[in-house]
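Only one structure is covered here, and it is reproduced in the block below.
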Amino acid sequence: MIIEAKEVSMCYRMTYDRVQSLKEYLVQMVKGKIKYREFWALKDVSFQVRKGEVLGIVGHNGAGKSTLLKVISGILKPTGGEVAVNGTVVPMLELGSGFDFDLTGRENIFLNGAILGYSEEFLKEKYDEIVAFSELGQFIDVPLRNYSSGMVMRLAFSVATVVNPDILIVDEILAVGDADFQAKSKARMLELMGGGTTVLFVSHSLDQIREMCDRVLWLDHGQVKMLGETKTVCDGYEKG
């Protein structure tokens with residue numbers, strides 16, 4: 001198995017008190033007056049993913065989908081349980097989160113690429129391909145603060161998908177840019193999936209899930225509601 005999650009749980013401590021400043025928080029904490037409640041974003045989630053499989057993840061807002069992806073990506077450490085990941089991971093969770101908006105598109109390709117673990121030599125080799133895919137043209141030498149949100153997303157998607165990772169983690173990113181670019185980004189995703197990349201794919205579009213996924217995991221209030229063949233789970237999710 002390329003991914004194996006065993007009884008993964010994630011608990012957040014949420015304070016009831018409306019503390020107005022860090023100083024006040026520290027004073028109240030020392031006095032033992034801060035009251036917390038526990039919120040379990042994930043509870044005992046277990047599943048396995050085979051190499052080359054596309055696993056869809058569905059559930060209502062707050063079901064724990066994004067938290068699970070962040071745990072598998074290594075961004076969050078679970079409160080309990082464990083995740084074994086065997087391969088290189090490219091998490092496409094918050095496109096553009098590693099960008100500096102005072103730098104140009106060109107500079108951000110190397111900055112964001114470095115954050116994703118790409119070498120400078122590799123990025124220089126792939127630079128023209130990234131720019132061509134992004135369709136930014138002369139804007140590549142303009143600071144990102146002058147970009148529209150769609151332009152930023154196009155650049156981020158182009159950098160993130162320039163490699164063929166072992167595992168691709170995708171959270172609602174097929175709505176990138178205009179209709180033409182969405183079609184191109186979807187084609188790129190299908191190319192990666194067809195090339196043997198293992199994919200975890202979260203989407204609110206059941207049509208996309210039905211079209212692209214081999215199996216589906218349904219999360220409900222942080223727990224596994226159903227895991228199985230795509231049609232069966234999607235039909236159950238629509239009814240439930």
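If you're wondering about the labels, chains in the structure tokens are A, B, ... by order shown, residues count from 1 in each chain, ligands from 1 in order shown.
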
**Message:** Quick check for you: according to DSSP on this backbone, which residues of stretch 7-229 of chain A are classed as helix (DSSP H, G or I)? Reply as a ChimeraX atom specification.
**Reply:** /A:22-30,65-73,105-115,120-134,137-141,144-146,149-160,179-194,206-212

Under the rule of at most 8 Å, produce a per-residue listing of stretch 167-217 of chain A near stretch 44-67 of chain A: chain, number, name, the closest pair of atoms, and the distance in Å, as JSON lines, using only C-alpha atoms.
{"residue": "A:Asp171", "atom": "CA", "partner": "A:Ser66", "partner_atom": "CA", "distance": 7.2}
{"residue": "A:Met193", "atom": "CA", "partner": "A:Val54", "partner_atom": "CA", "distance": 7.2}
{"residue": "A:Gly196", "atom": "CA", "partner": "A:Gly52", "partner_atom": "CA", "distance": 4.6}
{"residue": "A:Thr197", "atom": "CA", "partner": "A:Gly52", "partner_atom": "CA", "distance": 5.1}
{"residue": "A:Thr198", "atom": "CA", "partner": "A:Gly52", "partner_atom": "CA", "distance": 4.3}
{"residue": "A:Val199", "atom": "CA", "partner": "A:Val54", "partner_atom": "CA", "distance": 4.6}
{"residue": "A:Leu200", "atom": "CA", "partner": "A:Leu55", "partner_atom": "CA", "distance": 5.0}
{"residue": "A:Phe201", "atom": "CA", "partner": "A:Gly56", "partner_atom": "CA", "distance": 4.7}
{"residue": "A:Val202", "atom": "CA", "partner": "A:Ile57", "partner_atom": "CA", "distance": 4.8}
{"residue": "A:Ser203", "atom": "CA", "partner": "A:Val58", "partner_atom": "CA", "distance": 6.6}
{"residue": "A:His204", "atom": "CA", "partner": "A:Val58", "partner_atom": "CA", "distance": 6.9}
{"residue": "A:Ile209", "atom": "CA", "partner": "A:Gly56", "partner_atom": "CA", "distance": 6.0}
{"residue": "A:Met212", "atom": "CA", "partner": "A:Val54", "partner_atom": "CA", "distance": 7.2}
{"residue": "A:Cys213", "atom": "CA", "partner": "A:Val54", "partner_atom": "CA", "distance": 4.9}
{"residue": "A:Asp214", "atom": "CA", "partner": "A:Val54", "partner_atom": "CA", "distance": 5.3}
{"residue": "A:Arg215", "atom": "CA", "partner": "A:Leu55", "partner_atom": "CA", "distance": 5.1}
{"residue": "A:Val216", "atom": "CA", "partner": "A:Gly56", "partner_atom": "CA", "distance": 4.5}
{"residue": "A:Leu217", "atom": "CA", "partner": "A:Ile57", "partner_atom": "CA", "distance": 4.8}

Output file for the residues above (C-alpha atoms, as a PDB file, in the first residue's frame):
ATOM      1  CA  ASP A 171      -8.559  19.790  -2.679  1.00  0.00           C
ATOM      2  CA  MET A 193      -3.741   9.974 -12.948  1.00  0.00           C
ATOM      3  CA  GLY A 196       0.431   5.935 -12.378  1.00  0.00           C
ATOM      4  CA  THR A 197       0.265   8.774  -9.846  1.00  0.00           C
ATOM      5  CA  THR A 198      -1.785   7.939  -6.755  1.00  0.00           C
ATOM      6  CA  VAL A 199      -4.375  10.653  -6.136  1.00  0.00           C
ATOM      7  CA  LEU A 200      -6.458  11.715  -3.146  1.00  0.00           C
ATOM      8  CA  PHE A 201      -9.175  13.931  -4.525  1.00  0.00           C
ATOM      9  CA  VAL A 202     -11.659  16.058  -2.551  1.00  0.00           C
ATOM     10  CA  SER A 203     -14.503  17.664  -4.478  1.00  0.00           C
ATOM     11  CA  HIS A 204     -18.052  18.841  -3.840  1.00  0.00           C
ATOM     12  CA  ILE A 209     -15.838  12.186  -8.288  1.00  0.00           C
ATOM     13  CA  MET A 212     -12.278  10.391 -11.956  1.00  0.00           C
ATOM     14  CA  CYS A 213     -12.210   8.097  -8.903  1.00  0.00           C
ATOM     15  CA  ASP A 214     -11.711   4.358  -8.430  1.00  0.00           C
ATOM     16  CA  ARG A 215     -13.057   4.306  -4.876  1.00  0.00           C
ATOM     17  CA  VAL A 216     -14.609   6.860  -2.532  1.00  0.00           C
ATOM     18  CA  LEU A 217     -14.255   7.595   1.187  1.00  0.00           C
TER      19      LEU A 217
END

**Request:** Rounded to one decimal place, report the atom CA of A:Met10-atom CA of A:Gly80 distance in Å.
**Result:**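 These two atoms are separated by 6.7 Å.
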
**Message:** Just want the 9 Å neighbourhood of A:Thr88, counted on only C-alpha atoms, with same-chain residues fewer than 3 positions away dropped. Output as a VMD selection string.
**Reply:** chain A and resid 85 165 to 168

**Asked** Using only C-alpha atoms, which of A:Ala41, A:Ile2, A:Cys234, A:Val131 sits nearest A:Val83?
**Response** A:Ile2

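From atom CA of A:Ile72 back to atom CA of A:Met1, the distance works out to 13.9 Å.
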
**Message:** Can you pull out the residues contacting A:Arg13? Cut-off 9 Å, using only C-alpha atoms, and skip same-chain residues under 5 positions away; I want them as a ChimeraX atom specification.
**Reply:** /A:36-40

**Request:** Between atom CA of A:Glu135 and atom CA of A:Gln208, measure the distance and give it in Å to one decimal.
**Result:**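 One can read the atom CA of A:Glu135 to atom CA of A:Gln208 distance as 24.5 Å.
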
**Non-local contacts of A:Leu123 (12 Å; only C-alpha atoms; under 6 positions in same chain excluded) as a list in words** =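 Near A:Leu123, the qualifying residues are Arg106, Glu107, Asn108, Ile109, Phe110, Leu111, Asn112, Gly113, Ala114, Ile115, Leu116, Gly117, Glu129, Ile130, Val131, Ser158, Val159, Ala160, Val162 and Val163 of chain A.
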
**Message:** Give me the residues near A:Gln223 as a PyMOL selection string, where near means some atom within 6 Å (using only C-alpha atoms) and where sequence neighbours in that chain fewer than 3 positions away do not count.
**Reply:** chain A and resi 43+45+219-220

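With only C-alpha atoms as the atoms that count, the residue of A:Leu42, A:Lys6, A:Ser185, A:Val89 with the shortest distance to A:Lys225 is A:Leu42.
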